[in-house]
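Okay, structure first, notes after.
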Amino acid sequence: MGYLVTVATCSLNQWVLDWEGNLGRIIESIHQAKAAGARLRVGPELEICGYSSLDHFHELDVYVHSLEMLRILLLDQSTHGILLDVGLPILHRNLRYNCRVICLDGKILLIRPKMWLANDGNYREMRHFTPWMRPRETELFHLPKMLAEVQGETHVLFGDAVISTPETAFGAETCEELFTPKAPHIDMALDGVEIITNSSGSHFTLRKLDTRLQLIMEATRKSGGIYLYANQQGCDGERLYFDGCAMIIVNGDIVAQGSQFSLNDVEVVTATVDLGEVRSYRSSISRGLQAATSGAIYQRIQTPFELSPEDDDTDIAKRPTLPIQPRYHSVEEEIALCGGCYLWDYLRRSGTAGYLVPLSGGIDSCATATIVYSMCRIVMEAVEEGNTQVIEDVKRIAKYGDEGVLPKSPQELCNQVFTTIYMGMKKQSSHETRQRAKDLSAAIGSYHVNLDIDDIYEAQKKLVVDTVGFDPKFRVEGGTNQENLTLQCLQARIRMVTAYEFGQILPTARNRPGGGSLLVLGSANVGEGLRGYLTKYDCSSADINPIGSIDKTDLKRFIAWAETHFDLPCLHGFLTAVPTAELEPITQDYVQSDEADQGMTYQELTIFGRLRKLNKLGPFAMFQRLVHDWSIDRERAPNGDAPYYTPAQVAEKVKKFFHFYAINRHKMTTLTPALHCNDYSPDDNRFDLRPFLYPPFWKSWSFKRIDQELEKIEKKRASKKA
C-alpha cells in the first residue's frame with residue numbers, strides 16, 4: 001500500500017445566511033479538489049451558514065436550514081468519492097454546537113463539536129454555542145427525518161473521535177482550539193493520528209499572519225504530522241475581513257499556501273503528502289515514550305475508503321509536494337489589499353451604486369480614497385485574469401458604456417463607482433488642501449465635486465443670532481472656547497449632511513442607469529477615535545470607515561508606499577502637510593494643527609492605545625510603565641524613536657489622555673463601523689466594551705496614586721543629583 005496522499009483545503013468567500021450561495025461555493029470547492037486528485041477536502045468554520053451569523057445562531061431557522069443544505073450536499077453525487085469535512089451549527093439535546101460533519105459518499109461518519117470556543121476580542125462564540133466538554137468521548141446524535149432518510153439510519157456518532165482509513169487516521173480541530181495551550185492536535189498526534197484538519201473563521205489584523213503561521217507550523221514541528229488549515233476569505237457581512245491563506249503543512253514545513261487577499265470566491269489549495277515522512281519524523285524515543293504513556297486514546301471510526309489507493313503506486317508522475325517559504329505581505333500591502341478586497345465585497349453585496357468620500361486635503365481622507373483606488377486596481381486585475389464573478393459584478397455595478405463593455409483601467413472604473421467631494425470654507429480652507437484634493441481625484445479618476453458650504457454655515461449660524469441674540473465668534477476673533485467649538489462643530493456637521501445629500505442624488509444626477517445611492521466612507525483614524533478628536537455626527541459618521549482602526553503612522557507608511565507602487569506622485573504633498581482640521585479661520589499668525597489641539601502626538605496616541613487595550617493598563621499602571629519607557633534619564637539609543645520626558649511630563653501626558661478619553665467616550669458609541677485592522681481599536685459596538693459615562697478622572701484615585709508615585713520618583717531623582 002502506498003504512502004502518497006493528495007489532500008485539499010480551501011478558502012471560501014461565504015456570506016451570512018446566503019444559504020444557496022454558500023452551498024454552491026462549497027460544492028465548487030469539492031469539484032476543484034476532486035479534479036486535482038484529492039481524497040480529503042476540508043472547508044472553513046461554519047461554512048454552510050457563514051461564520052458571522054452572530055445572534056442569528058439563537059434562531060432555530062439557522063439550524064434547520066443548515067441541515068437542509070447538508071442534505072442537498074449529501075444527495076449530490078458529484079461530491080461523492082472524497083472524504084469531506086464540512087462546517088455548520090447543530091442543535092443536539094437542546095444545546096447549540098459549532099460542528100464539523102465528516103461525511104463520505106452521501107453518508108455521515110461523525111459529527112465533531114468544537115471543544116474550545118473563541119470568546120475574546122471580536123469573537124462571541126460562548127454567547128451562541130456550548131462547548132463539548134468531554135474530550136475523547138462520543139454519544140449518539142438522533143438524525144432528523146430528512147437526514148435519516150439519506151443516511152439509512154436514525155443515529156450517528158457525535159463527539160470527539162477520529163476517522164480511520166486503511167492506511168492512516170485523521171482528526172479535526174476547529175480554529176481557536178489550535179491557539180490553546182493544550183490543543184487537541186497534541187493528543188491526537190500522540191495517539192497516532194497523522195492528518196489533522198483545522199477549519200477556521202480567523203479574521204485579519206495587521207501583522208497577524210506571522211503569528212498564525214508560527215502556530216500552525218508549530219502544530220506539527222514537535223510531533224510531526226500533516227496539517228490542513230482552511231479559512232474563510234472576504235467580508236461575510238460584518239466589519240471583519242477574513243484573510244484566507246489556506247495552507248498545508250508537513251512536519252512543520254509549508255508545502256502549499258493560498259492567497260491571503262483575493263476576489264476569488266473559491267480558492268482550493270492541494271498538495272501530495274507522504275505518510276512515510278510523518279512516520280519517520282515521529283521515530284524519536286522520547287516522543288514514543290510520551291505516546292505510549294499518554295492515555296489519550298481516541299475512538300476510531302473505520303471506513304474502507306482509501307486515501308492512497310494502491311493504483312497510485314504505479315503512477316510514477318505522482319510525488320510529494322516540496323516545501324516552500326511562507327509568503328508575507330508588508331503592512332503597506334496589507335492595508336491596500338485588505339481594504340480593497342473588503343470594500344469590493346461590501347459594495348457588490350450591498351446593492352448600492354458606489355462610494356463617496358469627503359476629501360479634506362489631509363492624509364486620512366486621502367488614505368481612504370487611495371484604498372478605494374486600490375480596490376479598483378484589484379478588480380481590474382481580476383477582470384484581466386477572466387474572473388467571471390468579478391466581471392459579472394463590474395457589469396452590474398459600474399454599468400459602464402454600452403452593454404457588455406468593461407472599463408479598461410482602474411481610473412475608468414473609479415470614475416463610475418467613486419465620488420470625491422471637497423467641501424470648503426472661504427476663510428478656513430486653504431488653497432493647498434483644495435488643490436491636493438483636486439489633484440488626487442484627477443490621478444485616481446474619481447468623479448469630483450468641489451464646493452463651498454459658506455452659505456449653509458452662515459444661515460445656520462444666523463439661526464442662533466436671530467433666536468437668542470448672541471453672535472458666536474472663533475477664538476482667533478476673541479470668542480470663548482465654547483463659541484469656538486460650537487462654530488467648528490457646526491461646519492463639521494454641515495459637511496456630514498452635505499455628503500449624504502450628494503451620496504443620495506449623484507447617481508441620478510449623473511444619469512447612471514438604475515440610479516441608486518452611494519455609500520459614504522468615513523476617514524477618522526484609530527487615534528482620533530480613541531482620543532475623541534472628532535465631532536459627533538460629522539464626516540466621521542458614515543456607512544463604513546476603512547481606516548477606523550489604523551493609526552496615523554501606518555497610514556503614512558501606506559501613502560508613501562502607494563506614491564511609488566500606484567504611481568501617484570501627488571500623494572507626496574499629503575505626506576509633508578501638517579495635519580489640520582481647517583475648522584478655524586486661517587490668519588497670518590495661526591493655522592490650526594491636529595496635534596496641537598490634541599495635546600499629544602499621533603505616535604503617543606498609538607502607544608496609549610496599545611497599552612490601554614493590549615497591555616490592559618489603567619492610568620496608574622500606564623504611568624508606571626511609561627515613566628520608564630519615556631524616561632529622560634534613560635540611556636539614549638542611537639536610533640531610538642521613543643519620546644524623552646521628565647516624570648512630571650509623563651504624568652501630565654497620561655492624565656491628559658485618560659481625561660480626554662473619559663469625556664469623549666460617548667462619541668465612541670456612535671463611531672462608524674470600521675474595518676477591523678488593529679487589536680487596540682476603540683470600536684464600542686463590538687470590540688471594546690466599556691462605560692461611556694465616567695467619574696471625573698482629575699479627581700480619581702488613580703490620578704492621586706500617580707501624584708504619589710511621582711513624588712517618590714522626584715525625591716529619588718533629587719537625591720541622586722545631590
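Just so we're on the same page: first chain in the C-alpha cells is A, next is B, and so on; residues restart at 1 for each chain, and ligands are numbered from 1 in the order they show up.
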Tell me, as a PDB file with all heavy atoms, in the first residue's frame, which residues lie within 10 Å of Ile456 (chain A), counting only C-alpha atoms; anything in the same chain fewer than 6 positions away does not count.
```
ATOM      1  N   LYS A 462     -26.827  82.115  11.671  1.00  0.00           N
ATOM      2  CA  LYS A 462     -27.790  83.217  11.822  1.00  0.00           C
ATOM      3  C   LYS A 462     -28.996  82.775  12.647  1.00  0.00           C
ATOM      4  O   LYS A 462     -29.631  83.589  13.322  1.00  0.00           O
ATOM      5  CB  LYS A 462     -28.237  83.694  10.436  1.00  0.00           C
ATOM      6  CG  LYS A 462     -29.096  84.954  10.419  1.00  0.00           C
ATOM      7  CD  LYS A 462     -29.317  85.415   8.985  1.00  0.00           C
ATOM      8  CE  LYS A 462     -30.130  86.707   8.946  1.00  0.00           C
ATOM      9  NZ  LYS A 462     -31.523  86.484   9.415  1.00  0.00           N
ATOM     10  N   LEU A 490     -20.318  73.057  13.988  1.00  0.00           N
ATOM     11  CA  LEU A 490     -21.353  73.412  13.015  1.00  0.00           C
ATOM     12  C   LEU A 490     -20.876  73.108  11.599  1.00  0.00           C
ATOM     13  O   LEU A 490     -21.593  72.481  10.801  1.00  0.00           O
ATOM     14  CB  LEU A 490     -21.708  74.892  13.161  1.00  0.00           C
ATOM     15  CG  LEU A 490     -22.688  75.463  12.133  1.00  0.00           C
ATOM     16  CD1 LEU A 490     -24.000  74.697  12.135  1.00  0.00           C
ATOM     17  CD2 LEU A 490     -22.936  76.954  12.404  1.00  0.00           C
ATOM     18  N   GLN A 491     -19.676  73.539  11.276  1.00  0.00           N
ATOM     19  CA  GLN A 491     -19.134  73.256   9.938  1.00  0.00           C
ATOM     20  C   GLN A 491     -19.025  71.749   9.694  1.00  0.00           C
ATOM     21  O   GLN A 491     -19.403  71.244   8.626  1.00  0.00           O
ATOM     22  CB  GLN A 491     -17.739  73.853   9.801  1.00  0.00           C
ATOM     23  CG  GLN A 491     -17.647  75.350   9.911  1.00  0.00           C
ATOM     24  CD  GLN A 491     -16.191  75.761  10.087  1.00  0.00           C
ATOM     25  OE1 GLN A 491     -15.406  75.686   9.157  1.00  0.00           O
ATOM     26  NE2 GLN A 491     -15.839  76.176  11.289  1.00  0.00           N
ATOM     27  N   ILE A 494     -22.392  70.141   9.063  1.00  0.00           N
ATOM     28  CA  ILE A 494     -22.911  70.530   7.739  1.00  0.00           C
ATOM     29  C   ILE A 494     -22.275  69.654   6.669  1.00  0.00           C
ATOM     30  O   ILE A 494     -22.943  69.209   5.722  1.00  0.00           O
ATOM     31  CB  ILE A 494     -22.643  72.022   7.463  1.00  0.00           C
ATOM     32  CG1 ILE A 494     -23.567  72.895   8.317  1.00  0.00           C
ATOM     33  CG2 ILE A 494     -22.817  72.354   5.979  1.00  0.00           C
ATOM     34  CD1 ILE A 494     -23.224  74.374   8.288  1.00  0.00           C
ATOM     35  N   ARG A 495     -21.001  69.368   6.823  1.00  0.00           N
ATOM     36  CA  ARG A 495     -20.305  68.527   5.833  1.00  0.00           C
ATOM     37  C   ARG A 495     -20.881  67.105   5.824  1.00  0.00           C
ATOM     38  O   ARG A 495     -20.987  66.481   4.772  1.00  0.00           O
ATOM     39  CB  ARG A 495     -18.806  68.504   6.126  1.00  0.00           C
ATOM     40  CG  ARG A 495     -18.114  69.827   5.799  1.00  0.00           C
ATOM     41  CD  ARG A 495     -16.597  69.719   5.875  1.00  0.00           C
ATOM     42  NE  ARG A 495     -15.965  70.927   5.381  1.00  0.00           N
ATOM     43  CZ  ARG A 495     -15.377  71.855   6.150  1.00  0.00           C
ATOM     44  NH1 ARG A 495     -15.353  71.682   7.469  1.00  0.00           N
ATOM     45  NH2 ARG A 495     -14.833  72.931   5.610  1.00  0.00           N
ATOM     46  N   THR A 498     -24.208  67.272   4.024  1.00  0.00           N
ATOM     47  CA  THR A 498     -23.976  67.525   2.598  1.00  0.00           C
ATOM     48  C   THR A 498     -23.463  66.267   1.899  1.00  0.00           C
ATOM     49  O   THR A 498     -23.871  65.950   0.768  1.00  0.00           O
ATOM     50  CB  THR A 498     -22.972  68.675   2.417  1.00  0.00           C
ATOM     51  OG1 THR A 498     -23.452  69.828   3.109  1.00  0.00           O
ATOM     52  CG2 THR A 498     -22.780  69.010   0.946  1.00  0.00           C
TER      53      THR A 498
END
```
Name the residues in contact with region 124-134 of chain A at a cut-off of 7 Å, using only C-alpha atoms, excluding same-chain residues fewer than 5 positions from it; report them as a ChimeraX atom specification. /A:55,57-58,95-98,113-119
For the residues in that selection, give me all heavy atoms as a short mmCIF file (atom, residue, chain, number, x, y, z; two decimals), in the first residue's frame.
```cif
data_model
loop_
_atom_site.label_atom_id
_atom_site.label_comp_id
_atom_site.auth_asym_id
_atom_site.auth_seq_id
_atom_site.Cartn_x
_atom_site.Cartn_y
_atom_site.Cartn_z
N ASP A 55 -26.09 36.67 16.48
CA ASP A 55 -27.28 36.28 17.24
C ASP A 55 -28.31 35.53 16.41
O ASP A 55 -29.31 35.04 16.96
CB ASP A 55 -27.92 37.52 17.89
CG ASP A 55 -27.18 37.95 19.14
OD1 ASP A 55 -26.21 37.28 19.52
OD2 ASP A 55 -27.58 38.96 19.76
N PHE A 57 -27.62 32.80 15.44
CA PHE A 57 -27.40 31.44 15.94
C PHE A 57 -28.40 31.07 17.04
O PHE A 57 -28.49 29.89 17.42
CB PHE A 57 -25.96 31.28 16.46
CG PHE A 57 -24.93 31.20 15.38
CD1 PHE A 57 -23.89 32.11 15.31
CD2 PHE A 57 -25.00 30.20 14.42
CE1 PHE A 57 -22.92 32.03 14.32
CE2 PHE A 57 -24.03 30.11 13.41
CZ PHE A 57 -23.00 31.03 13.37
N HIS A 58 -29.12 32.05 17.58
CA HIS A 58 -30.17 31.74 18.54
C HIS A 58 -31.46 31.31 17.86
O HIS A 58 -32.38 30.83 18.52
CB HIS A 58 -30.45 32.97 19.42
CG HIS A 58 -29.30 33.37 20.29
ND1 HIS A 58 -28.64 32.49 21.12
CD2 HIS A 58 -28.68 34.57 20.46
CE1 HIS A 58 -27.68 33.13 21.76
NE2 HIS A 58 -27.68 34.38 21.38
N LEU A 95 -28.94 21.78 23.00
CA LEU A 95 -27.72 22.58 23.11
C LEU A 95 -27.23 22.90 21.70
O LEU A 95 -27.27 22.06 20.80
CB LEU A 95 -26.63 21.82 23.88
CG LEU A 95 -26.94 21.53 25.36
CD1 LEU A 95 -25.81 20.71 25.97
CD2 LEU A 95 -27.16 22.81 26.14
N ARG A 96 -26.74 24.13 21.54
CA ARG A 96 -26.25 24.58 20.24
C ARG A 96 -24.74 24.36 20.16
O ARG A 96 -24.00 24.84 21.03
CB ARG A 96 -26.60 26.06 20.03
CG ARG A 96 -28.09 26.30 19.84
CD ARG A 96 -28.47 27.77 20.06
NE ARG A 96 -29.83 28.04 19.62
CZ ARG A 96 -30.93 27.78 20.33
NH1 ARG A 96 -30.80 27.23 21.53
NH2 ARG A 96 -32.13 28.06 19.86
N TYR A 97 -24.30 23.68 19.11
CA TYR A 97 -22.89 23.36 18.95
C TYR A 97 -22.37 23.87 17.60
O TYR A 97 -23.09 23.87 16.60
CB TYR A 97 -22.66 21.85 19.01
CG TYR A 97 -22.87 21.23 20.38
CD1 TYR A 97 -24.06 20.58 20.69
CD2 TYR A 97 -21.88 21.30 21.36
CE1 TYR A 97 -24.27 20.00 21.93
CE2 TYR A 97 -22.08 20.72 22.61
CZ TYR A 97 -23.27 20.08 22.89
OH TYR A 97 -23.45 19.52 24.13
N ASN A 98 -21.12 24.28 17.62
CA ASN A 98 -20.37 24.65 16.41
C ASN A 98 -19.67 23.37 15.95
O ASN A 98 -18.75 22.89 16.62
CB ASN A 98 -19.38 25.76 16.76
CG ASN A 98 -18.48 26.15 15.61
OD1 ASN A 98 -18.42 25.47 14.58
ND2 ASN A 98 -17.74 27.24 15.78
N PRO A 113 -18.19 18.23 17.51
CA PRO A 113 -18.45 19.58 18.03
C PRO A 113 -17.16 20.26 18.50
O PRO A 113 -16.22 19.61 18.94
CB PRO A 113 -19.38 19.31 19.22
CG PRO A 113 -19.01 17.93 19.68
CD PRO A 113 -18.58 17.17 18.47
N LYS A 114 -17.15 21.57 18.40
CA LYS A 114 -15.99 22.36 18.84
C LYS A 114 -15.89 22.31 20.36
O LYS A 114 -16.89 22.46 21.07
CB LYS A 114 -16.12 23.80 18.35
CG LYS A 114 -14.88 24.66 18.53
CD LYS A 114 -15.06 26.02 17.85
CE LYS A 114 -13.82 26.90 17.96
NZ LYS A 114 -13.99 28.19 17.26
N MET A 115 -14.67 22.16 20.86
CA MET A 115 -14.45 21.99 22.29
C MET A 115 -14.03 23.28 22.99
O MET A 115 -14.42 23.54 24.13
CB MET A 115 -13.40 20.90 22.52
CG MET A 115 -13.81 19.56 21.93
SD MET A 115 -12.49 18.33 21.99
CE MET A 115 -12.32 18.10 23.74
N TRP A 116 -13.21 24.07 22.34
CA TRP A 116 -12.73 25.31 22.96
C TRP A 116 -13.16 26.48 22.09
O TRP A 116 -12.69 26.62 20.96
CB TRP A 116 -11.21 25.27 23.15
CG TRP A 116 -10.77 24.04 23.89
CD1 TRP A 116 -10.10 22.97 23.40
CD2 TRP A 116 -11.02 23.75 25.28
NE1 TRP A 116 -9.90 22.02 24.37
CE2 TRP A 116 -10.46 22.47 25.54
CE3 TRP A 116 -11.64 24.43 26.32
CZ2 TRP A 116 -10.51 21.88 26.79
CZ3 TRP A 116 -11.70 23.83 27.57
CH2 TRP A 116 -11.14 22.57 27.80
N LEU A 117 -14.07 27.29 22.62
CA LEU A 117 -14.70 28.34 21.84
C LEU A 117 -13.94 29.65 21.93
O LEU A 117 -13.40 30.00 22.99
CB LEU A 117 -16.15 28.55 22.31
CG LEU A 117 -17.07 27.33 22.22
CD1 LEU A 117 -18.45 27.67 22.77
CD2 LEU A 117 -17.18 26.84 20.79
N ALA A 118 -13.91 30.38 20.83
CA ALA A 118 -13.26 31.70 20.80
C ALA A 118 -14.20 32.72 21.44
O ALA A 118 -15.36 32.85 21.03
CB ALA A 118 -12.95 32.09 19.36
N ASN A 119 -13.69 33.42 22.44
CA ASN A 119 -14.56 34.35 23.16
C ASN A 119 -13.83 35.62 23.58
O ASN A 119 -14.16 36.24 24.58
CB ASN A 119 -15.14 33.66 24.40
CG ASN A 119 -16.54 34.15 24.72
OD1 ASN A 119 -17.41 34.09 23.87
ND2 ASN A 119 -16.75 34.65 25.92
#
```
Which residues are close to Cys235 (chain A), i.e. within 6 Å by only C-alpha atoms, leaving aside same-chain residues fewer than 3 positions away? Reply as a ChimeraX atom specification. /A:241,342,345
Hey, what does DSSP flag as alpha helix (DSSP H) within region 435-484 of chain A? Can you give it to me as a PyMOL selection string? chain A and resi 435-444+454-468+481-484
With a distance cut-off of 12 Å and only C-alpha atoms, select the neighbouring residues of Asn22 (chain A), excluding the residue or stretch itself and same-chain residues fewer than 4 positions from it, and output the selection as a PyMOL selection string. chain A and resi 12-18+26-29+43-44+46-51+65-66+69-70+73+86-88+232+236+265-266
Could you please take those selected residues and save C-alpha atoms as a PDB file, in the first residue's frame?
```
ATOM      1  CA  LEU A  12     -14.319  30.365   0.646  1.00  0.00           C
ATOM      2  CA  ASN A  13     -15.901  33.818   0.399  1.00  0.00           C
ATOM      3  CA  GLN A  14     -19.072  32.920   2.276  1.00  0.00           C
ATOM      4  CA  TRP A  15     -21.870  35.331   3.195  1.00  0.00           C
ATOM      5  CA  VAL A  16     -24.042  35.035   6.298  1.00  0.00           C
ATOM      6  CA  LEU A  17     -27.389  33.365   5.619  1.00  0.00           C
ATOM      7  CA  ASP A  18     -26.685  33.128   1.874  1.00  0.00           C
ATOM      8  CA  ILE A  26     -18.797  24.534  -1.042  1.00  0.00           C
ATOM      9  CA  ILE A  27     -19.749  22.232  -3.918  1.00  0.00           C
ATOM     10  CA  GLU A  28     -17.449  24.116  -6.308  1.00  0.00           C
ATOM     11  CA  SER A  29     -14.558  23.671  -3.878  1.00  0.00           C
ATOM     12  CA  GLY A  43     -13.562  23.779   4.441  1.00  0.00           C
ATOM     13  CA  PRO A  44     -13.862  26.847   6.703  1.00  0.00           C
ATOM     14  CA  LEU A  46     -19.440  27.299   9.882  1.00  0.00           C
ATOM     15  CA  GLU A  47     -19.182  27.449   6.096  1.00  0.00           C
ATOM     16  CA  ILE A  48     -22.784  26.469   5.421  1.00  0.00           C
ATOM     17  CA  CYS A  49     -24.393  29.391   7.272  1.00  0.00           C
ATOM     18  CA  GLY A  50     -21.466  31.843   7.329  1.00  0.00           C
ATOM     19  CA  TYR A  51     -19.289  32.480  10.386  1.00  0.00           C
ATOM     20  CA  HIS A  65     -31.628  25.489   7.026  1.00  0.00           C
ATOM     21  CA  SER A  66     -28.082  24.307   7.758  1.00  0.00           C
ATOM     22  CA  MET A  69     -28.202  22.421   2.902  1.00  0.00           C
ATOM     23  CA  LEU A  70     -26.264  19.455   4.307  1.00  0.00           C
ATOM     24  CA  LEU A  73     -24.846  18.221  -0.310  1.00  0.00           C
ATOM     25  CA  VAL A  86     -17.872  20.475   6.418  1.00  0.00           C
ATOM     26  CA  GLY A  87     -18.773  23.141   8.998  1.00  0.00           C
ATOM     27  CA  LEU A  88     -22.254  24.015  10.304  1.00  0.00           C
ATOM     28  CA  GLN A 232     -12.956  31.961   5.274  1.00  0.00           C
ATOM     29  CA  ASP A 236     -19.216  37.915   5.143  1.00  0.00           C
ATOM     30  CA  ASP A 265     -14.995  33.244  -4.203  1.00  0.00           C
ATOM     31  CA  VAL A 266     -13.467  29.778  -4.150  1.00  0.00           C
TER      32      VAL A 266
END
```
As number ranges by chain, please: every residue in region 236-290 of chain A that a backbone DSSP assignment puts in strand (DSSP E or B). A: 242-243, 247-250, 253-257, 266-274
File dump, residues just selected, N, CA, C and O atoms, as a PDB file, in the first residue's frame:
```pdb
ATOM      1  N   PHE A 242     -11.949  38.307   6.610  1.00  0.00           N
ATOM      2  CA  PHE A 242     -11.310  37.009   6.820  1.00  0.00           C
ATOM      3  C   PHE A 242     -10.269  36.811   5.717  1.00  0.00           C
ATOM      4  O   PHE A 242     -10.599  36.880   4.535  1.00  0.00           O
ATOM      5  N   ASP A 243      -9.034  36.583   6.147  1.00  0.00           N
ATOM      6  CA  ASP A 243      -7.938  36.686   5.195  1.00  0.00           C
ATOM      7  C   ASP A 243      -7.382  35.340   4.727  1.00  0.00           C
ATOM      8  O   ASP A 243      -6.181  35.189   4.484  1.00  0.00           O
ATOM      9  N   MET A 247      -3.687  26.591   3.905  1.00  0.00           N
ATOM     10  CA  MET A 247      -2.343  26.026   3.734  1.00  0.00           C
ATOM     11  C   MET A 247      -2.271  24.579   4.197  1.00  0.00           C
ATOM     12  O   MET A 247      -3.132  24.101   4.940  1.00  0.00           O
ATOM     13  N   ILE A 248      -1.225  23.931   3.726  1.00  0.00           N
ATOM     14  CA  ILE A 248      -0.952  22.538   4.092  1.00  0.00           C
ATOM     15  C   ILE A 248       0.480  22.472   4.608  1.00  0.00           C
ATOM     16  O   ILE A 248       1.407  22.980   3.956  1.00  0.00           O
ATOM     17  N   ILE A 249       0.648  21.879   5.780  1.00  0.00           N
ATOM     18  CA  ILE A 249       1.952  21.816   6.437  1.00  0.00           C
ATOM     19  C   ILE A 249       2.301  20.360   6.711  1.00  0.00           C
ATOM     20  O   ILE A 249       1.447  19.576   7.142  1.00  0.00           O
ATOM     21  N   VAL A 250       3.542  19.999   6.475  1.00  0.00           N
ATOM     22  CA  VAL A 250       4.031  18.646   6.760  1.00  0.00           C
ATOM     23  C   VAL A 250       5.253  18.751   7.666  1.00  0.00           C
ATOM     24  O   VAL A 250       6.261  19.372   7.297  1.00  0.00           O
ATOM     25  N   ASP A 253       6.799  22.141   7.969  1.00  0.00           N
ATOM     26  CA  ASP A 253       7.143  22.855   6.733  1.00  0.00           C
ATOM     27  C   ASP A 253       5.887  23.098   5.899  1.00  0.00           C
ATOM     28  O   ASP A 253       5.074  22.180   5.706  1.00  0.00           O
ATOM     29  N   ILE A 254       5.759  24.311   5.380  1.00  0.00           N
ATOM     30  CA  ILE A 254       4.639  24.619   4.493  1.00  0.00           C
ATOM     31  C   ILE A 254       4.920  24.018   3.120  1.00  0.00           C
ATOM     32  O   ILE A 254       5.980  24.234   2.536  1.00  0.00           O
ATOM     33  N   VAL A 255       3.958  23.263   2.609  1.00  0.00           N
ATOM     34  CA  VAL A 255       4.098  22.710   1.259  1.00  0.00           C
ATOM     35  C   VAL A 255       3.109  23.352   0.284  1.00  0.00           C
ATOM     36  O   VAL A 255       3.266  23.214  -0.935  1.00  0.00           O
ATOM     37  N   ALA A 256       2.090  24.032   0.805  1.00  0.00           N
ATOM     38  CA  ALA A 256       1.142  24.739  -0.058  1.00  0.00           C
ATOM     39  C   ALA A 256       0.511  25.869   0.734  1.00  0.00           C
ATOM     40  O   ALA A 256       0.150  25.687   1.903  1.00  0.00           O
ATOM     41  N   GLN A 257       0.394  27.041   0.113  1.00  0.00           N
ATOM     42  CA  GLN A 257      -0.177  28.215   0.782  1.00  0.00           C
ATOM     43  C   GLN A 257      -1.022  28.999  -0.211  1.00  0.00           C
ATOM     44  O   GLN A 257      -0.564  29.354  -1.293  1.00  0.00           O
ATOM     45  N   VAL A 266     -13.907  31.127  -4.517  1.00  0.00           N
ATOM     46  CA  VAL A 266     -13.467  29.778  -4.150  1.00  0.00           C
ATOM     47  C   VAL A 266     -11.986  29.643  -4.495  1.00  0.00           C
ATOM     48  O   VAL A 266     -11.586  29.883  -5.629  1.00  0.00           O
ATOM     49  N   GLU A 267     -11.189  29.278  -3.519  1.00  0.00           N
ATOM     50  CA  GLU A 267      -9.768  29.029  -3.768  1.00  0.00           C
ATOM     51  C   GLU A 267      -9.375  27.732  -3.081  1.00  0.00           C
ATOM     52  O   GLU A 267      -9.431  27.639  -1.854  1.00  0.00           O
ATOM     53  N   VAL A 268      -9.008  26.751  -3.874  1.00  0.00           N
ATOM     54  CA  VAL A 268      -8.658  25.429  -3.352  1.00  0.00           C
ATOM     55  C   VAL A 268      -7.143  25.242  -3.409  1.00  0.00           C
ATOM     56  O   VAL A 268      -6.507  25.559  -4.418  1.00  0.00           O
ATOM     57  N   VAL A 269      -6.593  24.754  -2.315  1.00  0.00           N
ATOM     58  CA  VAL A 269      -5.154  24.503  -2.210  1.00  0.00           C
ATOM     59  C   VAL A 269      -4.955  23.000  -2.015  1.00  0.00           C
ATOM     60  O   VAL A 269      -5.553  22.400  -1.112  1.00  0.00           O
ATOM     61  N   THR A 270      -4.139  22.404  -2.850  1.00  0.00           N
ATOM     62  CA  THR A 270      -3.900  20.959  -2.745  1.00  0.00           C
ATOM     63  C   THR A 270      -2.412  20.661  -2.632  1.00  0.00           C
ATOM     64  O   THR A 270      -1.568  21.469  -3.022  1.00  0.00           O
ATOM     65  N   ALA A 271      -2.117  19.492  -2.097  1.00  0.00           N
ATOM     66  CA  ALA A 271      -0.729  19.020  -2.030  1.00  0.00           C
ATOM     67  C   ALA A 271      -0.739  17.503  -1.935  1.00  0.00           C
ATOM     68  O   ALA A 271      -1.691  16.899  -1.419  1.00  0.00           O
ATOM     69  N   THR A 272       0.312  16.903  -2.434  1.00  0.00           N
ATOM     70  CA  THR A 272       0.512  15.463  -2.266  1.00  0.00           C
ATOM     71  C   THR A 272       1.524  15.279  -1.143  1.00  0.00           C
ATOM     72  O   THR A 272       2.629  15.837  -1.185  1.00  0.00           O
ATOM     73  N   VAL A 273       1.135  14.537  -0.133  1.00  0.00           N
ATOM     74  CA  VAL A 273       1.959  14.380   1.065  1.00  0.00           C
ATOM     75  C   VAL A 273       2.329  12.915   1.239  1.00  0.00           C
ATOM     76  O   VAL A 273       1.624  12.014   0.772  1.00  0.00           O
ATOM     77  N   ASP A 274       3.426  12.690   1.930  1.00  0.00           N
ATOM     78  CA  ASP A 274       3.972  11.340   2.107  1.00  0.00           C
ATOM     79  C   ASP A 274       3.786  10.918   3.567  1.00  0.00           C
ATOM     80  O   ASP A 274       4.414  11.485   4.475  1.00  0.00           O
TER      81      ASP A 274
END
```
Contacts of Glu709 (chain A) within 10 Å, only C-alpha atoms, excl. fewer than 2 positions in-chain, as an MDAnalysis selection string: chainID A and resid 620 623:624 647 651 703:707 711:714
Could you list, as a ChimeraX atom specification, every residue within 8 Å of region 228-230 of chain A, counting only C-alpha atoms and ignoring same-chain residues fewer than 6 positions away? /A:8-11,42-45,195-200,216,244-249
Taking 5 positions as the minimum chain separation for residues in the same chain, which residues sit within 10 Å of Asp679 (chain A) when counting only C-alpha atoms? Answer as a VMD selection string. chain A and resid 121 to 122 205 to 206 208 549 to 550 609 to 610 613 to 614 687 to 688
Proximity to Lys667 (chain A) - best of A:Lys536, A:Lys616, A:His628, A:Lys699, only C-alpha atoms: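 Closest residue, counting only C-alpha atoms: A:Lys536.
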Under the rule that only C-alpha atoms are counted, which of A:Gln325, A:Gly479, A:Phe566, A:Met600 is the nearest residue to Met375 (chain A)?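 Closest to Met375 (chain A), using only C-alpha atoms: A:Phe566.
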Take CA of Gly234 (chain A) and CA of Cys99 (chain A) and report the distance between them in Å, one decimal.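 So the answer is 21.5 Å.
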Find, counting only C-alpha atoms, the residue in A:His185, A:Leu60, A:His155, A:His448 that gets nearest to Asn94 (chain A).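 Comparing A:His185, A:Leu60, A:His155, A:His448 against Asn94 (chain A), the winner is A:Leu60.
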Between A:Leu487, A:Ala542, A:Ala492, A:Val417, which is the closest to Ser360 (chain A) once you count only C-alpha atoms?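 Using only C-alpha atoms, Ser360 (chain A) sits closest to A:Ala492.
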Can you write out as a Markdown table which residues of region 254-285 of chain A fall within 9 Å of region 379-386 of chain A, alongside each residue's closest atom pair and its distance in Å to one decimal, counting only C-alpha atoms and ordering rows by chain and ascending residue number?
```
| residue | atom | partner | partner_atom | distance |
| --- | --- | --- | --- | --- |
| A:Ser262 | CA | A:Ala382 | CA | 8.9 |
| A:Leu263 | CA | A:Ala382 | CA | 7.2 |
| A:Asn264 | CA | A:Ala382 | CA | 8.4 |
```
